[in-house]
$ cat upload11.pdb   # PDB, C-alpha atoms, pLDDT in the B column
ATOM      1  CA  ALA A   1      -8.479  55.960-162.707  1.00 86.00           C
ATOM      2  CA  HIS A   2     -10.285  54.725-165.829  1.00 89.00           C
ATOM      3  CA  LEU A   3      -8.113  51.597-165.821  1.00 91.00           C
ATOM      4  CA  GLY A   4      -8.824  50.915-162.142  1.00 91.00           C
ATOM      5  CA  ASP A   5     -12.560  51.238-162.709  1.00 92.00           C
ATOM      6  CA  ALA A   6     -12.338  48.904-165.712  1.00 94.00           C
ATOM      7  CA  GLN A   7     -10.416  46.359-163.625  1.00 95.00           C
ATOM      8  CA  GLN A   8     -13.089  46.376-160.924  1.00 95.00           C
ATOM      9  CA  ALA A   9     -15.810  45.799-163.513  1.00 95.00           C
ATOM     10  CA  ALA A  10     -13.811  43.016-165.175  1.00 95.00           C
ATOM     11  CA  LEU A  11     -13.242  41.259-161.836  1.00 95.00           C
ATOM     12  CA  ALA A  12     -16.979  40.655-161.551  1.00 92.00           C
ATOM     13  CA  ASN A  13     -16.988  38.813-164.880  1.00 90.00           C
ATOM     14  CA  ILE A  14     -14.041  36.448-164.572  1.00 91.00           C
ATOM     15  CA  ALA A  15     -14.153  32.982-163.048  1.00 88.00           C
ATOM     16  CA  SER A  16     -10.656  31.521-162.919  1.00 91.00           C
ATOM     17  CA  ARG A  17      -9.928  27.920-161.994  1.00 92.00           C
ATOM     18  CA  PRO A  18      -8.215  27.749-158.579  1.00 91.00           C
ATOM     19  CA  PRO A  19      -5.525  25.181-157.778  1.00 94.00           C
ATOM     20  CA  SER A  20      -6.675  21.685-156.961  1.00 94.00           C
ATOM     21  CA  ALA A  21      -6.232  20.081-153.558  1.00 94.00           C
ATOM     22  CA  GLU A  22      -3.300  18.123-155.019  1.00 95.00           C
ATOM     23  CA  GLN A  23      -1.626  21.292-156.326  1.00 94.00           C
ATOM     24  CA  ILE A  24      -2.113  23.032-152.980  1.00 94.00           C
ATOM     25  CA  ALA A  25      -0.652  20.074-151.098  1.00 94.00           C
ATOM     26  CA  ARG A  26       2.378  19.943-153.399  1.00 93.00           C
ATOM     27  CA  ALA A  27       3.003  23.687-153.021  1.00 93.00           C
ATOM     28  CA  GLN A  28       2.756  23.392-149.257  1.00 92.00           C
ATOM     29  CA  GLU A  29       5.087  20.388-149.172  1.00 92.00           C
ATOM     30  CA  PHE A  30       7.824  22.231-151.060  1.00 91.00           C
ATOM     31  CA  ARG A  31       7.007  25.642-149.503  1.00 91.00           C
ATOM     32  CA  MET A  32       6.343  27.211-152.883  1.00 93.00           C
ATOM     33  CA  PRO A  33       3.747  29.834-153.945  1.00 94.00           C
ATOM     34  CA  LEU A  34       0.275  28.417-154.536  1.00 94.00           C
ATOM     35  CA  VAL A  35      -0.239  30.119-157.919  1.00 96.00           C
ATOM     36  CA  ALA A  36       3.273  31.202-158.875  1.00 95.00           C
ATOM     37  CA  ALA A  37       3.408  34.105-161.310  1.00 95.00           C
ATOM     38  CA  THR A  38       6.103  32.444-163.402  1.00 92.00           C
ATOM     39  CA  GLY A  39       4.900  28.859-163.186  1.00 88.00           C
ATOM     40  CA  TRP A  40       1.110  28.850-163.096  1.00 94.00           C
ATOM     41  CA  GLN A  41      -0.598  27.586-166.260  1.00 93.00           C
ATOM     42  CA  ARG A  42      -2.673  30.610-167.252  1.00 94.00           C
ATOM     43  CA  GLU A  43      -6.122  30.073-168.699  1.00 92.00           C
ATOM     44  CA  GLU A  44      -6.751  31.997-171.899  1.00 88.00           C
ATOM     45  CA  ARG A  45      -9.821  33.608-170.365  1.00 89.00           C
ATOM     46  CA  TRP A  46      -7.514  36.342-169.094  1.00 95.00           C
ATOM     47  CA  HIS A  47      -7.304  37.462-172.744  1.00 96.00           C
ATOM     48  CA  GLU A  48     -11.034  38.206-172.530  1.00 94.00           C
ATOM     49  CA  THR A  49     -10.274  40.409-169.541  1.00 96.00           C
ATOM     50  CA  LEU A  50      -7.649  42.261-171.565  1.00 96.00           C
ATOM     51  CA  THR A  51     -10.166  42.844-174.360  1.00 95.00           C
ATOM     52  CA  SER A  52     -12.728  44.024-171.808  1.00 95.00           C
ATOM     53  CA  LEU A  53     -10.262  46.545-170.371  1.00 95.00           C
ATOM     54  CA  CYS A  54      -9.419  47.845-173.833  1.00 94.00           C
ATOM     55  CA  ASP A  55     -13.113  48.206-174.726  1.00 93.00           C
ATOM     56  CA  SER A  56     -13.850  50.066-171.491  1.00 93.00           C
ATOM     57  CA  LEU A  57     -10.941  52.433-171.947  1.00 91.00           C
ATOM     58  CA  ALA A  58     -11.742  53.120-175.587  1.00 87.00           C
ATOM     59  CA  ALA A  59     -15.248  54.171-174.542  1.00 88.00           C
ATOM     60  CA  ALA A  60     -14.064  56.378-171.666  1.00 89.00           C
ATOM     61  CA  PRO A  61     -14.661  60.087-172.311  1.00 88.00           C
ATOM     62  CA  GLY A  62     -11.493  62.094-172.682  1.00 86.00           C
ATOM     63  CA  PHE A  63      -9.210  59.064-172.816  1.00 85.00           C
ATOM     64  CA  PRO A  64      -5.982  60.014-174.676  1.00 89.00           C
ATOM     65  CA  ALA A  65      -6.014  59.161-178.378  1.00 90.00           C
ATOM     66  CA  ALA A  66      -2.524  57.660-178.227  1.00 91.00           C
ATOM     67  CA  ALA A  67      -3.535  55.293-175.419  1.00 90.00           C
ATOM     68  CA  ARG A  68      -6.701  54.369-177.322  1.00 90.00           C
ATOM     69  CA  ALA A  69      -4.494  53.482-180.307  1.00 92.00           C
ATOM     70  CA  VAL A  70      -2.461  51.135-178.096  1.00 93.00           C
ATOM     71  CA  CYS A  71      -5.688  49.409-177.043  1.00 92.00           C
ATOM     72  CA  ASP A  72      -6.641  49.009-180.703  1.00 92.00           C
ATOM     73  CA  ARG A  73      -3.241  47.433-181.393  1.00 92.00           C
ATOM     74  CA  LEU A  74      -3.656  45.040-178.474  1.00 93.00           C
ATOM     75  CA  ARG A  75      -6.940  43.780-179.903  1.00 91.00           C
ATOM     76  CA  SER A  76      -5.154  42.812-183.114  1.00 91.00           C
ATOM     77  CA  LEU A  77      -2.354  40.807-181.477  1.00 92.00           C
ATOM     78  CA  GLN A  78      -2.305  37.030-181.734  1.00 94.00           C
ATOM     79  CA  SER A  79      -2.646  34.987-178.537  1.00 94.00           C
ATOM     80  CA  ALA A  80       0.969  33.838-178.768  1.00 94.00           C
ATOM     81  CA  GLU A  81       2.186  37.446-178.900  1.00 94.00           C
ATOM     82  CA  ILE A  82       0.136  38.403-175.867  1.00 95.00           C
ATOM     83  CA  GLU A  83       1.380  35.379-173.915  1.00 95.00           C
ATOM     84  CA  ALA A  84       4.989  36.191-174.815  1.00 93.00           C
ATOM     85  CA  GLN A  85       4.538  39.707-173.466  1.00 94.00           C
ATOM     86  CA  ALA A  86       2.913  38.348-170.316  1.00 95.00           C
ATOM     87  CA  ASP A  87       5.795  35.910-169.749  1.00 94.00           C
ATOM     88  CA  ALA A  88       8.345  38.721-170.074  1.00 92.00           C
ATOM     89  CA  LEU A  89       6.439  40.995-167.697  1.00 93.00           C
ATOM     90  CA  LEU A  90       5.826  38.374-165.026  1.00 93.00           C
ATOM     91  CA  SER A  91       9.458  37.272-165.071  1.00 89.00           C
ATOM     92  CA  THR A  92      10.540  40.952-164.880  1.00 80.00           C
ATOM     93  CA  GLN A  93      12.695  40.549-167.977  1.00 77.00           C
ATOM     94  CA  PRO A  94      12.826  43.934-169.750  1.00 77.00           C
ATOM     95  CA  ALA A  95      14.127  42.486-173.025  1.00 79.00           C
ATOM     96  CA  GLY A  96      11.343  42.225-175.553  1.00 78.00           C
ATOM     97  CA  VAL A  97       8.757  44.103-173.465  1.00 87.00           C
ATOM     98  CA  ASP A  98       6.553  46.548-175.356  1.00 90.00           C
ATOM     99  CA  ALA A  99       6.403  49.446-172.892  1.00 91.00           C
ATOM    100  CA  ALA A 100       3.273  50.920-174.488  1.00 93.00           C
ATOM    101  CA  THR A 101       1.144  47.796-174.083  1.00 94.00           C
ATOM    102  CA  ALA A 102       2.712  46.636-170.792  1.00 94.00           C
ATOM    103  CA  PRO A 103       0.414  48.558-168.381  1.00 94.00           C
ATOM    104  CA  PHE A 104      -2.723  47.172-170.053  1.00 95.00           C
ATOM    105  CA  ILE A 105      -1.430  43.594-170.136  1.00 96.00           C
ATOM    106  CA  MET A 106      -0.334  43.818-166.503  1.00 96.00           C
ATOM    107  CA  ALA A 107      -3.715  45.258-165.558  1.00 97.00           C
ATOM    108  CA  ALA A 108      -5.446  42.226-167.086  1.00 97.00           C
ATOM    109  CA  LEU A 109      -3.017  39.860-165.338  1.00 97.00           C
ATOM    110  CA  GLN A 110      -3.749  41.613-162.036  1.00 97.00           C
ATOM    111  CA  VAL A 111      -7.473  40.962-162.474  1.00 97.00           C
ATOM    112  CA  TYR A 112      -6.793  37.293-163.233  1.00 97.00           C
ATOM    113  CA  TRP A 113      -4.482  36.781-160.236  1.00 97.00           C
ATOM    114  CA  VAL A 114      -6.659  38.734-157.810  1.00 97.00           C
ATOM    115  CA  ASP A 115      -9.537  36.453-158.788  1.00 96.00           C
ATOM    116  CA  LEU A 116      -7.306  33.396-158.283  1.00 95.00           C
ATOM    117  CA  ALA A 117      -6.198  34.627-154.863  1.00 95.00           C
ATOM    118  CA  SER A 118      -9.776  35.354-153.820  1.00 95.00           C
ATOM    119  CA  ARG A 119     -10.699  31.704-154.411  1.00 94.00           C
ATOM    120  CA  LEU A 120      -8.111  30.386-151.944  1.00 94.00           C
ATOM    121  CA  ARG A 121      -8.736  29.696-148.262  1.00 92.00           C
ATOM    122  CA  ILE A 122      -6.566  31.464-145.711  1.00 88.00           C
ATOM    123  CA  ASP A 123      -5.459  28.020-144.452  1.00 90.00           C
ATOM    124  CA  ASP A 124      -4.096  27.243-147.930  1.00 91.00           C
ATOM    125  CA  VAL A 125      -1.507  30.028-147.679  1.00 89.00           C
ATOM    126  CA  HIS A 126       1.744  29.097-145.964  1.00 87.00           C
ATOM    127  CA  GLU A 127       5.218  30.421-145.290  1.00 83.00           C
ATOM    128  CA  LEU A 128       7.700  30.105-148.163  1.00 87.00           C
ATOM    129  CA  ASP A 129      11.353  29.130-148.241  1.00 81.00           C
ATOM    130  CA  VAL A 130      12.080  32.341-150.180  1.00 82.00           C
ATOM    131  CA  PRO A 131      11.544  35.319-147.865  1.00 80.00           C
ATOM    132  CA  GLY A 132      10.158  38.671-148.931  1.00 89.00           C
ATOM    133  CA  VAL A 133       7.888  37.509-151.735  1.00 93.00           C
ATOM    134  CA  CYS A 134       4.136  37.048-151.885  1.00 96.00           C
ATOM    135  CA  PRO A 135       3.112  33.692-150.348  1.00 95.00           C
ATOM    136  CA  THR A 136       0.319  33.392-152.900  1.00 96.00           C
ATOM    137  CA  CYS A 137       2.083  34.115-156.208  1.00 96.00           C
ATOM    138  CA  GLY A 138       5.755  34.717-155.409  1.00 95.00           C
ATOM    139  CA  THR A 139       5.788  38.327-156.646  1.00 95.00           C
ATOM    140  CA  LEU A 140       7.783  41.046-154.902  1.00 95.00           C
ATOM    141  CA  PRO A 141       5.767  43.595-152.921  1.00 96.00           C
ATOM    142  CA  VAL A 142       5.155  47.006-154.447  1.00 96.00           C
ATOM    143  CA  ALA A 143       4.844  48.793-151.086  1.00 97.00           C
ATOM    144  CA  SER A 144       3.753  48.248-147.509  1.00 96.00           C
ATOM    145  CA  VAL A 145       0.717  49.445-145.585  1.00 97.00           C
ATOM    146  CA  VAL A 146       0.325  50.260-141.896  1.00 97.00           C
ATOM    147  CA  ARG A 147      -3.276  49.290-141.268  1.00 95.00           C
ATOM    148  CA  THR A 148      -5.966  50.751-139.001  1.00 94.00           C
ATOM    149  CA  ASP A 149      -8.694  48.087-139.037  1.00 91.00           C
ATOM    150  CA  PRO A 150      -9.514  46.663-135.567  1.00 90.00           C
ATOM    151  CA  ARG A 151      -7.926  43.257-136.200  1.00 90.00           C
ATOM    152  CA  SER A 152      -4.563  44.594-137.387  1.00 92.00           C
ATOM    153  CA  GLN A 153      -4.302  48.175-136.166  1.00 92.00           C
ATOM    154  CA  GLY A 154      -0.735  49.446-136.258  1.00 94.00           C
ATOM    155  CA  PHE A 155       0.628  46.363-138.011  1.00 96.00           C
ATOM    156  CA  ARG A 156       2.630  46.647-141.243  1.00 96.00           C
ATOM    157  CA  TYR A 157       1.701  44.447-144.218  1.00 96.00           C
ATOM    158  CA  LEU A 158       3.568  44.058-147.490  1.00 97.00           C
ATOM    159  CA  HIS A 159       1.283  44.362-150.515  1.00 97.00           C
ATOM    160  CA  CYS A 160       1.654  42.144-153.583  1.00 96.00           C
ATOM    161  CA  ALA A 161       1.770  44.008-156.881  1.00 92.00           C
ATOM    162  CA  LEU A 162       0.070  41.187-158.803  1.00 96.00           C
ATOM    163  CA  CYS A 163      -2.568  39.404-156.701  1.00 96.00           C
ATOM    164  CA  ALA A 164      -3.069  42.039-153.942  1.00 95.00           C
ATOM    165  CA  THR A 165      -2.307  39.556-151.157  1.00 95.00           C
ATOM    166  CA  GLU A 166      -0.978  41.257-148.029  1.00 95.00           C
ATOM    167  CA  TRP A 167       1.313  39.548-145.510  1.00 94.00           C
ATOM    168  CA  HIS A 168       2.667  40.713-142.186  1.00 94.00           C
ATOM    169  CA  MET A 169       6.160  42.041-141.606  1.00 94.00           C
ATOM    170  CA  VAL A 170       7.389  43.786-138.473  1.00 94.00           C
ATOM    171  CA  ARG A 171       8.001  47.509-138.734  1.00 95.00           C
ATOM    172  CA  VAL A 172      11.340  49.343-138.841  1.00 95.00           C
ATOM    173  CA  LYS A 173      12.919  46.514-140.786  1.00 95.00           C
ATOM    174  CA  CYS A 174      14.160  46.603-144.377  1.00 96.00           C
ATOM    175  CA  SER A 175      11.791  44.551-146.517  1.00 94.00           C
ATOM    176  CA  HIS A 176      14.633  43.860-148.965  1.00 95.00           C
ATOM    177  CA  CYS A 177      17.675  42.845-146.876  1.00 95.00           C
ATOM    178  CA  TYR A 178      15.886  42.439-143.471  1.00 94.00           C
ATOM    179  CA  THR A 179      18.289  44.540-141.457  1.00 96.00           C
ATOM    180  CA  THR A 180      16.973  46.692-138.626  1.00 96.00           C
ATOM    181  CA  GLN A 181      19.961  49.035-138.729  1.00 95.00           C
ATOM    182  CA  GLY A 182      20.132  52.308-140.626  1.00 96.00           C
ATOM    183  CA  ILE A 183      16.415  52.527-141.448  1.00 97.00           C
ATOM    184  CA  THR A 184      15.141  56.029-142.189  1.00 96.00           C
ATOM    185  CA  TYR A 185      11.824  57.415-143.421  1.00 96.00           C
ATOM    186  CA  GLN A 186      11.694  60.074-146.100  1.00 95.00           C
ATOM    187  CA  SER A 187       8.763  62.121-147.356  1.00 94.00           C
ATOM    188  CA  ILE A 188       8.097  65.297-149.319  1.00 92.00           C
ATOM    189  CA  GLU A 189       7.183  68.303-147.220  1.00 89.00           C
ATOM    190  CA  ASN A 190       3.542  69.172-147.935  1.00 86.00           C
ATOM    191  CA  GLY A 191       3.436  66.159-150.254  1.00 83.00           C
ATOM    192  CA  PRO A 192       0.834  63.372-150.437  1.00 83.00           C
ATOM    193  CA  ARG A 193      -0.544  62.488-147.015  1.00 85.00           C
ATOM    194  CA  GLY A 194       0.371  59.163-145.496  1.00 93.00           C
ATOM    195  CA  ILE A 195       3.124  58.266-147.996  1.00 96.00           C
ATOM    196  CA  ARG A 196       6.746  57.837-146.944  1.00 96.00           C
ATOM    197  CA  ALA A 197       9.719  55.887-148.217  1.00 97.00           C
ATOM    198  CA  GLU A 198      11.342  53.355-145.911  1.00 97.00           C
ATOM    199  CA  CYS A 199      15.023  53.666-146.813  1.00 98.00           C
ATOM    200  CA  CYS A 200      17.820  51.273-145.914  1.00 97.00           C
ATOM    201  CA  ASP A 201      21.397  52.529-145.645  1.00 96.00           C
ATOM    202  CA  THR A 202      22.695  48.941-145.662  1.00 96.00           C
ATOM    203  CA  CYS A 203      21.446  47.921-149.122  1.00 97.00           C
ATOM    204  CA  GLN A 204      20.628  51.446-150.387  1.00 97.00           C
ATOM    205  CA  THR A 205      17.092  50.448-151.384  1.00 97.00           C
ATOM    206  CA  TYR A 206      13.663  51.757-150.455  1.00 98.00           C
ATOM    207  CA  ARG A 207       9.992  50.878-150.642  1.00 97.00           C
ATOM    208  CA  LYS A 208       7.045  53.167-150.035  1.00 97.00           C
ATOM    209  CA  ILE A 209       5.196  52.712-146.763  1.00 97.00           C
ATOM    210  CA  LEU A 210       1.612  53.974-146.605  1.00 97.00           C
ATOM    211  CA  TYR A 211      -0.268  54.918-143.439  1.00 97.00           C
ATOM    212  CA  GLN A 212      -4.020  54.344-143.382  1.00 95.00           C
ATOM    213  CA  GLU A 213      -4.350  56.471-140.233  1.00 95.00           C
ATOM    214  CA  GLU A 214      -3.382  59.503-142.299  1.00 93.00           C
ATOM    215  CA  ASP A 215      -5.402  58.603-145.392  1.00 92.00           C
ATOM    216  CA  GLY A 216      -8.071  55.918-145.134  1.00 91.00           C
ATOM    217  CA  ASN A 217      -8.450  55.671-148.920  1.00 91.00           C
ATOM    218  CA  ILE A 218      -4.789  54.969-149.616  1.00 92.00           C
ATOM    219  CA  GLU A 219      -4.089  52.227-152.206  1.00 92.00           C
ATOM    220  CA  PRO A 220      -0.574  50.779-152.605  1.00 94.00           C
ATOM    221  CA  VAL A 221      -0.278  50.406-156.391  1.00 93.00           C
ATOM    222  CA  ALA A 222      -2.076  53.636-157.321  1.00 92.00           C
ATOM    223  CA  ASP A 223      -0.537  55.798-154.608  1.00 94.00           C
ATOM    224  CA  ASP A 224       2.919  54.461-155.334  1.00 94.00           C
ATOM    225  CA  LEU A 225       2.436  55.825-158.854  1.00 92.00           C
ATOM    226  CA  ALA A 226       0.951  59.067-157.527  1.00 91.00           C
ATOM    227  CA  SER A 227       4.087  59.797-155.482  1.00 94.00           C
ATOM    228  CA  LEU A 228       6.626  59.659-158.326  1.00 94.00           C
ATOM    229  CA  GLY A 229       8.231  62.875-157.100  1.00 94.00           C
ATOM    230  CA  LEU A 230       9.455  61.034-154.018  1.00 96.00           C
ATOM    231  CA  ASP A 231      11.092  58.402-156.249  1.00 96.00           C
ATOM    232  CA  LEU A 232      12.946  61.100-158.180  1.00 96.00           C
ATOM    233  CA  LEU A 233      14.309  62.695-155.014  1.00 95.00           C
ATOM    234  CA  LEU A 234      15.405  59.348-153.568  1.00 97.00           C
ATOM    235  CA  SER A 235      17.151  58.460-156.819  1.00 96.00           C
ATOM    236  CA  GLN A 236      19.095  61.704-156.621  1.00 96.00           C
ATOM    237  CA  ALA A 237      20.036  60.785-153.044  1.00 96.00           C
ATOM    238  CA  GLY A 238      21.570  57.486-154.205  1.00 97.00           C
ATOM    239  CA  TYR A 239      18.768  55.051-153.296  1.00 98.00           C
ATOM    240  CA  HIS A 240      17.102  52.645-155.728  1.00 96.00           C
ATOM    241  CA  ARG A 241      13.737  50.895-155.641  1.00 96.00           C
ATOM    242  CA  ALA A 242      13.696  47.429-154.119  1.00 96.00           C
ATOM    243  CA  SER A 243      11.043  46.420-156.687  1.00 94.00           C
ATOM    244  CA  GLY A 244       9.031  48.080-159.410  1.00 91.00           C
ATOM    245  CA  ASN A 245       5.423  49.049-159.961  1.00 91.00           C
ATOM    246  CA  PRO A 246       3.611  46.768-162.444  1.00 85.00           C
ATOM    247  CA  LEU A 247       1.787  49.697-164.053  1.00 86.00           C
TER     248      LEU A 247
END
$ encode --input "upload11.pdb" --output "structure tokens"
Amino acid sequence: AHLGDAQQAALANIASRPPSAEQIARAQEFRMPLVAATGWQREERWHETLTSLCDSLAAAPGFPAAARAVCDRLRSLQSAEIEAQADALLSTQPAGVDAATAPFIMAALQVYWVDLASRLRIDDVHELDVPGVCPTCGTLPVASVVRTDPRSQGFRYLHCALCATEWHMVRVKCSHCYTTQGITYQSIENGPRGIRAECCDTCQTYRKILYQEEDGNIEPVADDLASLGLDLLLSQAGYHRASGNPL
């Protein structure tokens, strides 16, 4: 919760440089993400966001001493070390990732990419050649949301774990292998409201699916973390996550 609050505050103080008209045209021509997570030239200002998050967390009352120590260590890292960690995290390569610092670095990268995405026009976003990934940054979705707002009531949207873009996908369809056969929905009895796992018996994967009609304050990244018990039960049942949670 402290980290989420710090991210919101940091978002108001970052001004990233969006892609140029030429970059947008090239991405559209080749049906590639507009600000690809693994190809976009990051501005070093995202390091300032990381420092801001660490400062906010260090000042938070009751924040765990061990986590505060990780923030102190992050402040002492050289830019090259931080960028190397960011590269490993964005490319989902576990080798060389410092698990202690990873959530804080990813949180700063989320702020940077959400700001980038917010500076794009809806007409800039286009369908990609690679299905199932975010059309803005090319990241796999962390979960899906069945929305209740008047414009999209009852529709299911996949939610990007990095830039928070949401894109439509029909319901009762595996978001990993795209089959419509053998789809089941699992939840914990008396567990968190509005959170289920959409499970596929074809590829043996699952992603959480969240229902705004049951909980209007539901948030894909945070509530995916808050329902870890469901992940443990699904793992015991032989299913595995289609993609991870960045935090």
$ resolve_selection --input "upload11.pdb" --expression "the PyMOL selection byres ((chain A and resi 14) around 9)" --output "list in words"
Ala10, Leu11, Ala12, Asn13, Ala15, Ser16, Arg45, Trp46, Glu48, Thr49, Val111, Tyr112 and Asp115 of chain A
$ residues_around --input "upload11.pdb" --residues "Asp124 of chain A" --least-positions-apart "3" --cutoff "9 Å" --atoms "all atoms listed in the file" --output "PyMOL selection string"
chain A and resi 24-25+28+34+120-121
$ atom_distance --input "upload11.pdb" --atom1 "atom CA of Arg68 of chain A" --atom2 "atom CA of Ile82 of chain A"
17.4 Å
$ closest_atom_pairs --input "upload11.pdb" --of "segment 144-246 of chain A" --to "segment 85-100 of chain A" --cutoff "12 Å" --atoms "only C-alpha atoms" --output "JSON lines"
{"residue": "A:Ala161", "atom": "CA", "partner": "A:Leu90", "partner_atom": "CA", "distance": 10.7}
{"residue": "A:Leu162", "atom": "CA", "partner": "A:Leu90", "partner_atom": "CA", "distance": 8.9}
{"residue": "A:Cys163", "atom": "CA", "partner": "A:Leu90", "partner_atom": "CA", "distance": 11.9}
{"residue": "A:Ser243", "atom": "CA", "partner": "A:Thr92", "partner_atom": "CA", "distance": 9.9}
{"residue": "A:Gly244", "atom": "CA", "partner": "A:Thr92", "partner_atom": "CA", "distance": 9.1}
{"residue": "A:Asn245", "atom": "CA", "partner": "A:Thr92", "partner_atom": "CA", "distance": 10.8}
{"residue": "A:Pro246", "atom": "CA", "partner": "A:Leu89", "partner_atom": "CA", "distance": 8.3}
$ resolve_selection --input "upload11.pdb" --expression "the PyMOL selection byres ((chain A and resi 180) around 12)" --output "short mmCIF file (atom, residue, chain, number, x, y, z; two decimals) with C-alpha atoms, in the frame of the given file"
data_model
loop_
_atom_site.label_atom_id
_atom_site.label_comp_id
_atom_site.auth_asym_id
_atom_site.auth_seq_id
_atom_site.Cartn_x
_atom_site.Cartn_y
_atom_site.Cartn_z
CA VAL A 170 7.39 43.79 -138.47
CA ARG A 171 8.00 47.51 -138.73
CA VAL A 172 11.34 49.34 -138.84
CA LYS A 173 12.92 46.51 -140.79
CA CYS A 174 14.16 46.60 -144.38
CA SER A 175 11.79 44.55 -146.52
CA HIS A 176 14.63 43.86 -148.96
CA CYS A 177 17.68 42.84 -146.88
CA TYR A 178 15.89 42.44 -143.47
CA THR A 179 18.29 44.54 -141.46
CA GLN A 181 19.96 49.04 -138.73
CA GLY A 182 20.13 52.31 -140.63
CA ILE A 183 16.42 52.53 -141.45
CA THR A 184 15.14 56.03 -142.19
CA GLU A 198 11.34 53.36 -145.91
CA CYS A 199 15.02 53.67 -146.81
CA CYS A 200 17.82 51.27 -145.91
CA ASP A 201 21.40 52.53 -145.65
CA THR A 202 22.70 48.94 -145.66
CA CYS A 203 21.45 47.92 -149.12
#
$ resolve_selection --input "upload11.pdb" --expression "the PyMOL selection byres ((chain A and resi 51) around 10)" --output "MDAnalysis selection string"
chainID A and resid 10 46:50 52:57 71:72 74:75 104:105 108
$ closest_atom_pairs --input "upload11.pdb" --of "segment 159-224 of chain A" --to "segment 136-154 of chain A" --cutoff "6 Å" --atoms "all atoms listed in the file" --output "tab-separated table"
residue	atom	partner	partner_atom	distance
A:His159	CA	A:Pro141	CA	5.1
A:Cys160	CA	A:Pro141	CA	4.4
A:Ala161	CA	A:Val142	CA	5.1
A:Arg207	CA	A:Ala143	CA	5.6
A:Lys208	CA	A:Ala143	CA	5.0
A:Ile209	CA	A:Ser144	CA	4.8
A:Leu210	CA	A:Val145	CA	4.7
A:Tyr211	CA	A:Val146	CA	4.9
A:Gln212	CA	A:Arg147	CA	5.5
A:Pro220	CA	A:Ala143	CA	6.0
$ decode --input "upload11.pdb" --residues "segment 62-66 of chain A" --atoms "all heavy atoms" --output "PDB file, in the first residue's frame"
ATOM      1  N   GLY A  62       6.257   2.722  10.259  1.00  0.00           N
ATOM      2  CA  GLY A  62       6.068   1.288  10.379  1.00  0.00           C
ATOM      3  C   GLY A  62       6.587   0.470   9.223  1.00  0.00           C
ATOM      4  O   GLY A  62       6.358  -0.743   9.153  1.00  0.00           O
ATOM      5  N   PHE A  63       7.297   1.106   8.293  1.00  0.00           N
ATOM      6  CA  PHE A  63       7.820   0.345   7.146  1.00  0.00           C
ATOM      7  C   PHE A  63       8.921  -0.596   7.635  1.00  0.00           C
ATOM      8  O   PHE A  63       9.772  -0.199   8.433  1.00  0.00           O
ATOM      9  CB  PHE A  63       8.367   1.301   6.082  1.00  0.00           C
ATOM     10  CG  PHE A  63       8.451   0.682   4.723  1.00  0.00           C
ATOM     11  CD1 PHE A  63       7.298   0.373   4.018  1.00  0.00           C
ATOM     12  CD2 PHE A  63       9.675   0.402   4.145  1.00  0.00           C
ATOM     13  CE1 PHE A  63       7.370  -0.199   2.759  1.00  0.00           C
ATOM     14  CE2 PHE A  63       9.754  -0.171   2.886  1.00  0.00           C
ATOM     15  CZ  PHE A  63       8.588  -0.482   2.195  1.00  0.00           C
ATOM     16  N   PRO A  64       8.941  -1.857   7.203  1.00  0.00           N
ATOM     17  CA  PRO A  64       9.902  -2.834   7.736  1.00  0.00           C
ATOM     18  C   PRO A  64      11.355  -2.390   7.567  1.00  0.00           C
ATOM     19  O   PRO A  64      11.741  -1.873   6.511  1.00  0.00           O
ATOM     20  CB  PRO A  64       9.616  -4.095   6.908  1.00  0.00           C
ATOM     21  CG  PRO A  64       8.207  -3.924   6.434  1.00  0.00           C
ATOM     22  CD  PRO A  64       8.016  -2.457   6.222  1.00  0.00           C
ATOM     23  N   ALA A  65      12.143  -2.607   8.603  1.00  0.00           N
ATOM     24  CA  ALA A  65      13.544  -2.169   8.586  1.00  0.00           C
ATOM     25  C   ALA A  65      14.329  -2.837   7.461  1.00  0.00           C
ATOM     26  O   ALA A  65      15.182  -2.218   6.832  1.00  0.00           O
ATOM     27  CB  ALA A  65      14.190  -2.453   9.934  1.00  0.00           C
ATOM     28  N   ALA A  66      14.030  -4.114   7.205  1.00  0.00           N
ATOM     29  CA  ALA A  66      14.764  -4.829   6.158  1.00  0.00           C
ATOM     30  C   ALA A  66      14.471  -4.225   4.781  1.00  0.00           C
ATOM     31  O   ALA A  66      15.377  -4.089   3.951  1.00  0.00           O
ATOM     32  CB  ALA A  66      14.388  -6.303   6.172  1.00  0.00           C
TER      33      ALA A  66
END
